[in-house]
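Trainee: So I've got this file, start-v8.cif, and it contains mmCIF, C-alpha atoms:
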```
data_protein
#
loop_
_atom_site.group_PDB
_atom_site.id
_atom_site.type_symbol
_atom_site.label_atom_id
_atom_site.label_comp_id
_atom_site.auth_asym_id
_atom_site.auth_seq_id
_atom_site.Cartn_x
_atom_site.Cartn_y
_atom_site.Cartn_z
ATOM 1 C CA MET A 20 -3.473 4.351 13.307
ATOM 2 C CA THR A 21 -0.015 4.112 14.853
ATOM 3 C CA ASP A 22 2.805 6.508 13.964
ATOM 4 C CA SER A 23 4.735 3.608 12.441
ATOM 5 C CA LEU A 24 1.816 2.594 10.214
ATOM 6 C CA LEU A 25 1.200 6.206 9.207
ATOM 7 C CA ALA A 26 4.877 6.672 8.307
ATOM 8 C CA SER A 27 4.974 3.454 6.294
ATOM 9 C CA GLN A 28 1.820 4.429 4.376
ATOM 10 C CA ALA A 29 3.272 7.867 3.597
ATOM 11 C CA PHE A 30 6.462 6.214 2.334
ATOM 12 C CA VAL A 31 4.518 3.818 0.090
ATOM 13 C CA PHE A 32 2.458 6.663 -1.416
ATOM 14 C CA PHE A 33 5.578 8.756 -1.995
ATOM 15 C CA LEU A 34 7.527 5.898 -3.551
ATOM 16 C CA ALA A 35 4.621 4.701 -5.713
ATOM 17 C CA GLY A 36 3.901 8.201 -6.993
ATOM 18 C CA PHE A 37 7.502 9.246 -7.523
ATOM 19 C CA GLU A 38 8.905 6.059 -9.030
ATOM 20 C CA THR A 39 6.051 5.373 -11.446
ATOM 21 C CA SER A 40 5.913 8.992 -12.640
ATOM 22 C CA SER A 41 9.662 9.319 -13.163
ATOM 23 C CA THR A 42 9.888 5.952 -14.923
ATOM 24 C CA THR A 43 6.972 6.799 -17.222
ATOM 25 C CA ILE A 44 8.499 10.171 -18.113
ATOM 26 C CA SER A 45 11.856 8.480 -18.801
ATOM 27 C CA ASN A 46 10.195 5.888 -21.035
ATOM 28 C CA ALA A 47 8.281 8.600 -22.918
ATOM 29 C CA LEU A 48 11.493 10.562 -23.514
ATOM 30 C CA TYR A 49 13.226 7.385 -24.679
ATOM 31 C CA GLU A 50 10.480 6.691 -27.227
ATOM 32 C CA LEU A 51 10.466 10.315 -28.384
ATOM 33 C CA ALA A 52 14.241 10.125 -28.916
ATOM 34 C CA LEU A 53 13.725 7.061 -31.120
ATOM 35 C CA ASN A 54 10.780 8.516 -33.060
ATOM 36 C CA GLN A 55 11.599 11.898 -34.592
ATOM 37 C CA LYS A 56 8.237 12.264 -36.378
ATOM 38 C CA ILE A 57 6.302 11.745 -33.131
ATOM 39 C CA GLN A 58 8.675 14.100 -31.325
ATOM 40 C CA ASP A 59 8.111 16.787 -33.979
ATOM 41 C CA GLN A 60 4.320 16.410 -33.830
ATOM 42 C CA LEU A 61 4.349 16.681 -30.035
ATOM 43 C CA ARG A 62 6.671 19.708 -30.119
ATOM 44 C CA GLU A 63 4.316 21.382 -32.598
ATOM 45 C CA GLU A 64 1.319 20.816 -30.308
ATOM 46 C CA ILE A 65 3.211 22.131 -27.268
ATOM 47 C CA ASN A 66 4.326 25.236 -29.189
ATOM 48 C CA GLU A 67 0.753 25.887 -30.401
ATOM 49 C CA VAL A 68 -0.650 25.689 -26.878
ATOM 50 C CA TYR A 69 2.244 27.790 -25.553
ATOM 51 C CA VAL A 70 1.487 30.562 -28.071
ATOM 52 C CA LYS A 71 -2.303 30.282 -27.654
ATOM 53 C CA TYR A 72 -2.057 30.848 -23.889
ATOM 54 C CA ASN A 73 0.791 33.398 -24.010
ATOM 55 C CA GLY A 74 3.298 31.036 -22.441
ATOM 56 C CA ASP A 75 0.982 30.224 -19.551
ATOM 57 C CA LEU A 76 1.309 26.436 -19.342
ATOM 58 C CA LYS A 77 -0.940 25.847 -16.363
ATOM 59 C CA TYR A 78 -2.364 22.407 -15.643
ATOM 60 C CA ASP A 79 -5.672 23.202 -17.383
ATOM 61 C CA ASN A 80 -3.856 24.280 -20.548
ATOM 62 C CA ILE A 81 -1.592 21.225 -20.558
ATOM 63 C CA LYS A 82 -4.675 18.987 -20.205
ATOM 64 C CA LYS A 83 -5.851 20.372 -23.574
ATOM 65 C CA MET A 84 -2.855 18.792 -25.344
ATOM 66 C CA ASP A 85 -4.470 15.769 -26.996
ATOM 67 C CA TYR A 86 -1.318 14.439 -28.632
ATOM 68 C CA LEU A 87 0.623 14.676 -25.364
ATOM 69 C CA ASP A 88 -2.128 12.586 -23.761
ATOM 70 C CA LYS A 89 -1.814 10.000 -26.548
ATOM 71 C CA VAL A 90 1.984 9.890 -26.162
ATOM 72 C CA PHE A 91 1.702 9.152 -22.452
ATOM 73 C CA LYS A 92 -1.061 6.589 -22.929
ATOM 74 C CA GLU A 93 1.046 4.786 -25.524
ATOM 75 C CA THR A 94 4.018 4.951 -23.139
ATOM 76 C CA LEU A 95 1.887 3.379 -20.393
ATOM 77 C CA ARG A 96 0.661 0.727 -22.817
ATOM 78 C CA LYS A 97 4.164 -0.242 -23.830
ATOM 79 C CA TYR A 98 5.673 0.152 -20.350
ATOM 80 C CA PRO A 99 2.940 -0.339 -17.724
ATOM 81 C CA PRO A 100 3.979 0.568 -14.152
ATOM 82 C CA GLY A 101 2.892 -2.886 -12.988
ATOM 83 C CA THR A 102 3.141 -5.907 -15.254
ATOM 84 C CA ILE A 103 0.478 -7.874 -13.376
ATOM 85 C CA LEU A 104 -2.421 -7.101 -11.072
ATOM 86 C CA MET A 105 -3.591 -9.438 -8.358
ATOM 87 C CA ARG A 106 -7.198 -9.511 -7.253
ATOM 88 C CA GLU A 107 -9.409 -11.789 -5.195
ATOM 89 C CA SER A 108 -12.876 -12.712 -6.431
ATOM 90 C CA THR A 109 -15.645 -11.434 -4.167
ATOM 91 C CA SER A 110 -18.150 -13.968 -5.477
ATOM 92 C CA SER A 111 -18.194 -17.170 -7.485
ATOM 93 C CA TYR A 112 -18.414 -16.697 -11.250
ATOM 94 C CA THR A 113 -18.559 -19.102 -14.189
ATOM 95 C CA PHE A 114 -17.501 -18.081 -17.681
ATOM 96 C CA ASP A 115 -19.477 -19.626 -20.540
ATOM 97 C CA ALA A 116 -16.742 -20.062 -23.125
ATOM 98 C CA PRO A 117 -14.532 -21.658 -22.165
ATOM 99 C CA LYS A 118 -16.412 -23.114 -19.216
ATOM 100 C CA VAL A 119 -14.298 -21.924 -16.286
ATOM 101 C CA ASN A 120 -15.415 -21.406 -12.705
ATOM 102 C CA ILE A 121 -13.725 -18.934 -10.390
ATOM 103 C CA PRO A 122 -14.795 -19.603 -6.805
ATOM 104 C CA LYS A 123 -15.282 -16.862 -4.239
ATOM 105 C CA GLY A 124 -11.969 -15.965 -2.605
ATOM 106 C CA GLN A 125 -9.872 -17.200 -5.554
ATOM 107 C CA LYS A 126 -6.737 -15.162 -6.286
ATOM 108 C CA VAL A 127 -6.737 -13.965 -9.889
ATOM 109 C CA PHE A 128 -3.700 -12.598 -11.715
ATOM 110 C CA ILE A 129 -4.344 -10.116 -14.528
ATOM 111 C CA PRO A 130 -1.431 -10.004 -17.004
ATOM 112 C CA VAL A 131 -1.342 -6.274 -17.815
ATOM 113 C CA TYR A 132 1.887 -6.485 -19.820
ATOM 114 C CA ALA A 133 0.555 -9.385 -21.917
ATOM 115 C CA ILE A 134 -2.753 -7.607 -22.568
ATOM 116 C CA HIS A 135 -0.948 -4.417 -23.613
ATOM 117 C CA ARG A 136 1.338 -6.404 -25.947
ATOM 118 C CA ASP A 137 -1.352 -8.658 -27.452
ATOM 119 C CA PRO A 138 -1.162 -8.266 -31.266
ATOM 120 C CA ASP A 139 -4.873 -9.093 -31.572
ATOM 121 C CA ILE A 140 -5.621 -5.981 -29.517
ATOM 122 C CA TYR A 141 -2.664 -3.794 -30.520
ATOM 123 C CA PRO A 142 -1.283 -4.673 -33.981
ATOM 124 C CA LYS A 143 2.520 -4.400 -34.087
ATOM 125 C CA PRO A 144 2.643 -4.080 -30.283
ATOM 126 C CA ASP A 145 6.375 -3.309 -30.175
ATOM 127 C CA VAL A 146 5.897 -0.218 -32.343
ATOM 128 C CA PHE A 147 5.388 3.060 -30.463
ATOM 129 C CA ASP A 148 2.241 4.548 -32.014
ATOM 130 C CA PRO A 149 0.281 7.229 -30.114
ATOM 131 C CA GLU A 150 -2.423 7.085 -32.822
ATOM 132 C CA ARG A 151 -3.652 3.889 -31.121
ATOM 133 C CA PHE A 152 -5.367 6.290 -28.735
ATOM 134 C CA ASN A 153 -7.421 8.225 -31.289
ATOM 135 C CA GLU A 154 -11.006 8.270 -30.043
ATOM 136 C CA GLU A 155 -12.377 6.151 -32.899
ATOM 137 C CA VAL A 156 -9.677 3.493 -32.401
ATOM 138 C CA VAL A 157 -10.218 3.411 -28.630
ATOM 139 C CA GLN A 158 -13.983 2.946 -29.104
ATOM 140 C CA LYS A 159 -13.347 -0.275 -31.055
ATOM 141 C CA ARG A 160 -11.358 -1.865 -28.203
ATOM 142 C CA HIS A 161 -12.676 -3.502 -25.069
ATOM 143 C CA PRO A 162 -12.584 -0.922 -22.236
ATOM 144 C CA LEU A 163 -10.250 -3.168 -20.225
ATOM 145 C CA ALA A 164 -7.708 -3.557 -23.033
ATOM 146 C CA PHE A 165 -5.798 -0.621 -21.499
ATOM 147 C CA ILE A 166 -5.334 -0.935 -17.739
ATOM 148 C CA PRO A 167 -1.957 0.519 -16.716
ATOM 149 C CA PHE A 168 -3.370 1.423 -13.291
ATOM 150 C CA GLY A 169 -5.945 -1.324 -12.916
ATOM 151 C CA ASP A 170 -9.670 -0.670 -12.856
ATOM 152 C CA GLY A 171 -12.555 -0.489 -10.442
ATOM 153 C CA PRO A 172 -12.492 0.259 -6.720
ATOM 154 C CA ARG A 173 -8.937 -1.102 -6.300
ATOM 155 C CA ASN A 174 -7.304 0.867 -9.100
ATOM 156 C CA CYS A 175 -4.360 3.185 -8.467
ATOM 157 C CA ILE A 176 -5.167 5.632 -5.683
ATOM 158 C CA GLY A 177 -3.404 8.417 -7.577
ATOM 159 C CA ILE A 178 -5.548 8.193 -10.706
ATOM 160 C CA THR A 179 -7.787 11.123 -11.580
ATOM 161 C CA LYS A 180 -10.490 11.129 -14.214
#
```
The structure in this file should be written as structure tokens.
Mentor:
Amino acid sequence: MTDSLLASQAFVFFLAGFETSSTTISNALYELALNQKIQDQLREEINEVYVKYNGDLKYDNIKKMDYLDKVFKETLRKYPPGTILMRESTSSYTFDAPKVNIPKGQKVFIPVYAIHRDPDIYPKPDVFDPERFNEEVVQKRHPLAFIPFGDGPRNCIGITK
């Protein structure tokens, strides 16, 4: 790998990680400013965890904040970092209904924004509602109804599970 290629890759990783994170945090704060009840519920959870761990808000303790997780998932649903994903089919595939064939090598665009705003999947899609990410509600949805970072081997390199 050349120095130029290495530098350009480092820049892309920095920009992708910094810009998407800062934009998501800004969007979450915007929604919290508009939704006092959600803000109060989140503040209560943060205060409970803060007291429980004697003010030690390490990563592991923050990960235990379920409502915070829901707030960020709802933020990513409403404001996905990428509005579309582009993929290329690795093999030919034919859907049954409707009868559509996608040949090997075909470019496929996945409309993330449209999926995340589909009222058949997310009723009242313009409403900010972290409760959409309660476990029982999530189980009723198709697993690919929420794909802010894509899915599979070409998903966001920064994602951790």
Trainee: Can you list, as a short mmCIF file (atom, residue, chain, number, x, y, z; two decimals) with C-alpha atoms, in the coordinates of the input, the residues that the PyMOL selection byres ((chain A and resi 84-91) around 7) selects here?
Mentor:
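Printed below is selection-v5.cif as written:
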```cif
data_model
loop_
_atom_site.label_atom_id
_atom_site.label_comp_id
_atom_site.auth_asym_id
_atom_site.auth_seq_id
_atom_site.Cartn_x
_atom_site.Cartn_y
_atom_site.Cartn_z
CA ALA A 47 8.28 8.60 -22.92
CA LEU A 61 4.35 16.68 -30.04
CA GLU A 64 1.32 20.82 -30.31
CA ILE A 81 -1.59 21.22 -20.56
CA LYS A 82 -4.68 18.99 -20.20
CA LYS A 83 -5.85 20.37 -23.57
CA LYS A 92 -1.06 6.59 -22.93
CA GLU A 93 1.05 4.79 -25.52
CA THR A 94 4.02 4.95 -23.14
CA LEU A 95 1.89 3.38 -20.39
CA PRO A 149 0.28 7.23 -30.11
CA GLU A 150 -2.42 7.08 -32.82
CA PHE A 152 -5.37 6.29 -28.74
#
```
Trainee: Tell me, in Å to one decimal, how far atom CA of Glu38 of chain A is from atom CA of Arg160 of chain A.
Mentor: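 Going from atom CA of Glu38 of chain A over to atom CA of Arg160 of chain A covers 29.0 Å.
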Trainee: For Ile57 of chain A, which residue out of A:Leu163, A:Val156, A:Ser45, A:Asp148 is the nearest one, using all atoms listed in the file?
Mentor: A:Asp148
Trainee: Hey, can you check how far atom CA of Gly101 of chain A sits from atom CA of Phe165 of chain A?
Mentor: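 Here the two named atoms are 12.4 Å from each other.
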Trainee: Report, in Å to a single decimal, how far apart atom CA of Pro100 of chain A and atom CA of Tyr49 of chain A are.
Mentor: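 Here the two named atoms are 15.6 Å from each other.
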Trainee: Set the distance at 12 Å and use only C-alpha atoms: which residues neighbour Val131 of chain A once local chain neighbours fewer than 6 positions away are removed? I'd like the list as a ChimeraX atom specification.
Mentor: /A:95-105,137,163-170
Trainee: Please return the centre and edge lengths, in Å to one decimal, of a box with edges along x, y and z that contains all listed atoms of segment 159-167 of chain A, widened by 8 Å on every side, as lines of an AutoDock Vina configuration file.
Mentor:
```
center_x = -7.7
center_y = -1.5
center_z = -23.9
size_x = 27.4
size_y = 20.1
size_z = 30.3
```
Trainee: Choose the residue, out of A:Asp75, A:Gln28, A:Asp145, A:Ser41, that has the smallest atom-to-atom separation from Ala133 of chain A; count all atoms listed in the file.
Mentor: A:Asp145
Trainee: Excluding same-chain residues fewer than 2 positions from Gln125 of chain A, what lies within 12 Å of it counting all atoms listed in the file, as a ChimeraX atom specification?
Mentor: /A:105-112,120-123,127-128
